[in-house]
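J.: The structure follows.
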Amino acid sequence: MIRVLDKLLLFLYSLAIGALSVFAFCTGFNWVPEKGFRDFMSTLYNGEMEWLQVTVIIVSVVIFLISLRFFYVSLRRSNASMPSIDQRTEYGDIRISLETVENLALKAAGRQRGVKDLRARIRISEAGIEITLRAIADGESPIPTLTEDIQRTVKSHVEEITGIPVATVSVYVANIIQTANYKSRVE
C-alpha cells in the first residue's frame, strides 16, 4: 500500500515540478506577459481573491510535504524493501533474496535439453515458493515430457539448495525455435 501511495505522490510531484519548469521556461523566453504576471501577483498579495491565496498556500504545503517524503525515502535503508525469504534457525536468521531463488530456478531449468530463452518469476505463498517459468522450446522434444522434466528438476534443485518447500512450478512454453532448413542444391 505504501508503494502505491509513493507512486501516486511521485506522479503528483512530477506534474507540479513539470508545470513549474514549463512556467519558468516560458518566463525565460518572455512568453509570459509582464503585465499579466504583475496583475496576478498584485491580486495574490492584495487579498482580492481569498480563494487564490488559500489555493497557493495549500499547493505549496502539499509540494513541500511530498518533498519531505521523498527526502525521507531517499535516506531510508533499502534492505527492508528488498523482497526476500526469511528463515530462523537455531544459529540466527537467514535471508534469501527472491533473485537468488530465481537464478537457482533458471540454472536448473537451463540444464534441460531442448529449452532456450528462459525467464522466471518467483512468488511467495503460504504453501511455499511459486515459480513460474517462461521458455522457448526447440520443437524436437515432446512438450509435456519437457515441461515435466523442467518442473521436477527445478523443484528438487531449489528445495535442495534453499531448504524451502516449492509449492508449484508452472512452465509456460511461449514458442518454439524456428530453424530454417536449407537444402543445398547442386546443379
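Following the order of the C-alpha cells, chains are lettered A, B, ..., residues in each are numbered from 1, and ligands are numbered from 1.
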Please provide the set of residues having any atom within 9 Å of A:Leu98, restricted to only C-alpha atoms, with same-chain residues fewer than 6 positions apart removed, written as a PyMOL selection string.

T.: chain A and resi 82-85+121-124

J.: Those selected residues, please, written with N, CA and C atoms and delivered as a tab-separated table (two decimals), in the first residue's frame.

T.:
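Just written: out-v3.tsv:
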```tsv
chain	number	residue	atom	x	y	z
A	82	MET	N	13.86	-4.91	-0.05
A	82	MET	CA	14.27	-5.98	-0.95
A	82	MET	C	13.47	-7.23	-0.64
A	83	PRO	N	12.78	-7.78	-1.64
A	83	PRO	CA	11.99	-8.98	-1.38
A	83	PRO	C	12.90	-10.17	-1.06
A	84	SER	N	12.58	-10.84	0.01
A	84	SER	CA	13.40	-11.98	0.41
A	84	SER	C	12.55	-12.98	1.18
A	85	ILE	N	13.14	-14.14	1.37
A	85	ILE	CA	12.52	-15.18	2.16
A	85	ILE	C	13.34	-15.26	3.45
A	121	ARG	N	9.80	-16.08	-12.73
A	121	ARG	CA	9.18	-15.16	-11.78
A	121	ARG	C	8.86	-15.96	-10.52
A	122	ILE	N	9.21	-15.37	-9.39
A	122	ILE	CA	9.06	-16.06	-8.11
A	122	ILE	C	8.04	-15.33	-7.26
A	123	ARG	N	7.15	-16.09	-6.64
A	123	ARG	CA	6.19	-15.52	-5.69
A	123	ARG	C	6.22	-16.38	-4.43
A	124	ILE	N	5.91	-15.74	-3.32
A	124	ILE	CA	5.88	-16.46	-2.05
A	124	ILE	C	4.42	-16.62	-1.63
```

J.: In Å, with one decimal, what is the gap from atom CA of A:Arg134 to atom CA of A:Arg119?

T.: 5.1 Å

J.: Counting only C-alpha atoms, figure out which residue out of A:Ile143, A:Ile136, A:Val59, A:Ala109 gets nearest to A:Val169.

T.: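 So, comparing all the options, the nearest one is A:Ala109.
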
J.: Quick one: everything within 10 Å of A:Val101, counting only C-alpha atoms, minus sequence neighbours fewer than 4 positions away in the same chain. Send it as a ChimeraX atom specification.

T.: /A:84-85,96-97,105-107,120-123,129,131,158-159,161-162,164

J.: Emit the selected residues as a PDB file, in the first residue's frame, including C-alpha atoms.

T.:
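Result file is out_32.pdb:
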```pdb
ATOM      1  CA  SER A  84      13.403 -11.982   0.411  1.00  0.00           C
ATOM      2  CA  ILE A  85      12.521 -15.185   2.161  1.00  0.00           C
ATOM      3  CA  ILE A  96      17.462 -15.450   0.775  1.00  0.00           C
ATOM      4  CA  SER A  97      16.594 -12.927  -1.899  1.00  0.00           C
ATOM      5  CA  ALA A 105      15.393 -21.954 -10.928  1.00  0.00           C
ATOM      6  CA  LEU A 106      16.894 -20.642 -14.173  1.00  0.00           C
ATOM      7  CA  LYS A 107      20.086 -22.630 -13.595  1.00  0.00           C
ATOM      8  CA  ALA A 120      11.482 -16.870 -14.241  1.00  0.00           C
ATOM      9  CA  ARG A 121       9.175 -15.157 -11.780  1.00  0.00           C
ATOM     10  CA  ILE A 122       9.063 -16.057  -8.111  1.00  0.00           C
ATOM     11  CA  ARG A 123       6.190 -15.523  -5.687  1.00  0.00           C
ATOM     12  CA  ILE A 129       7.547 -20.791  -3.248  1.00  0.00           C
ATOM     13  CA  ILE A 131       7.886 -20.498  -9.548  1.00  0.00           C
ATOM     14  CA  VAL A 158      15.511 -25.152  -5.394  1.00  0.00           C
ATOM     15  CA  GLU A 159      14.314 -27.196  -2.410  1.00  0.00           C
ATOM     16  CA  ILE A 161      19.715 -25.606  -2.168  1.00  0.00           C
ATOM     17  CA  THR A 162      17.414 -23.298  -0.191  1.00  0.00           C
ATOM     18  CA  ILE A 164      12.366 -24.004   1.380  1.00  0.00           C
TER      19      ILE A 164
END
```
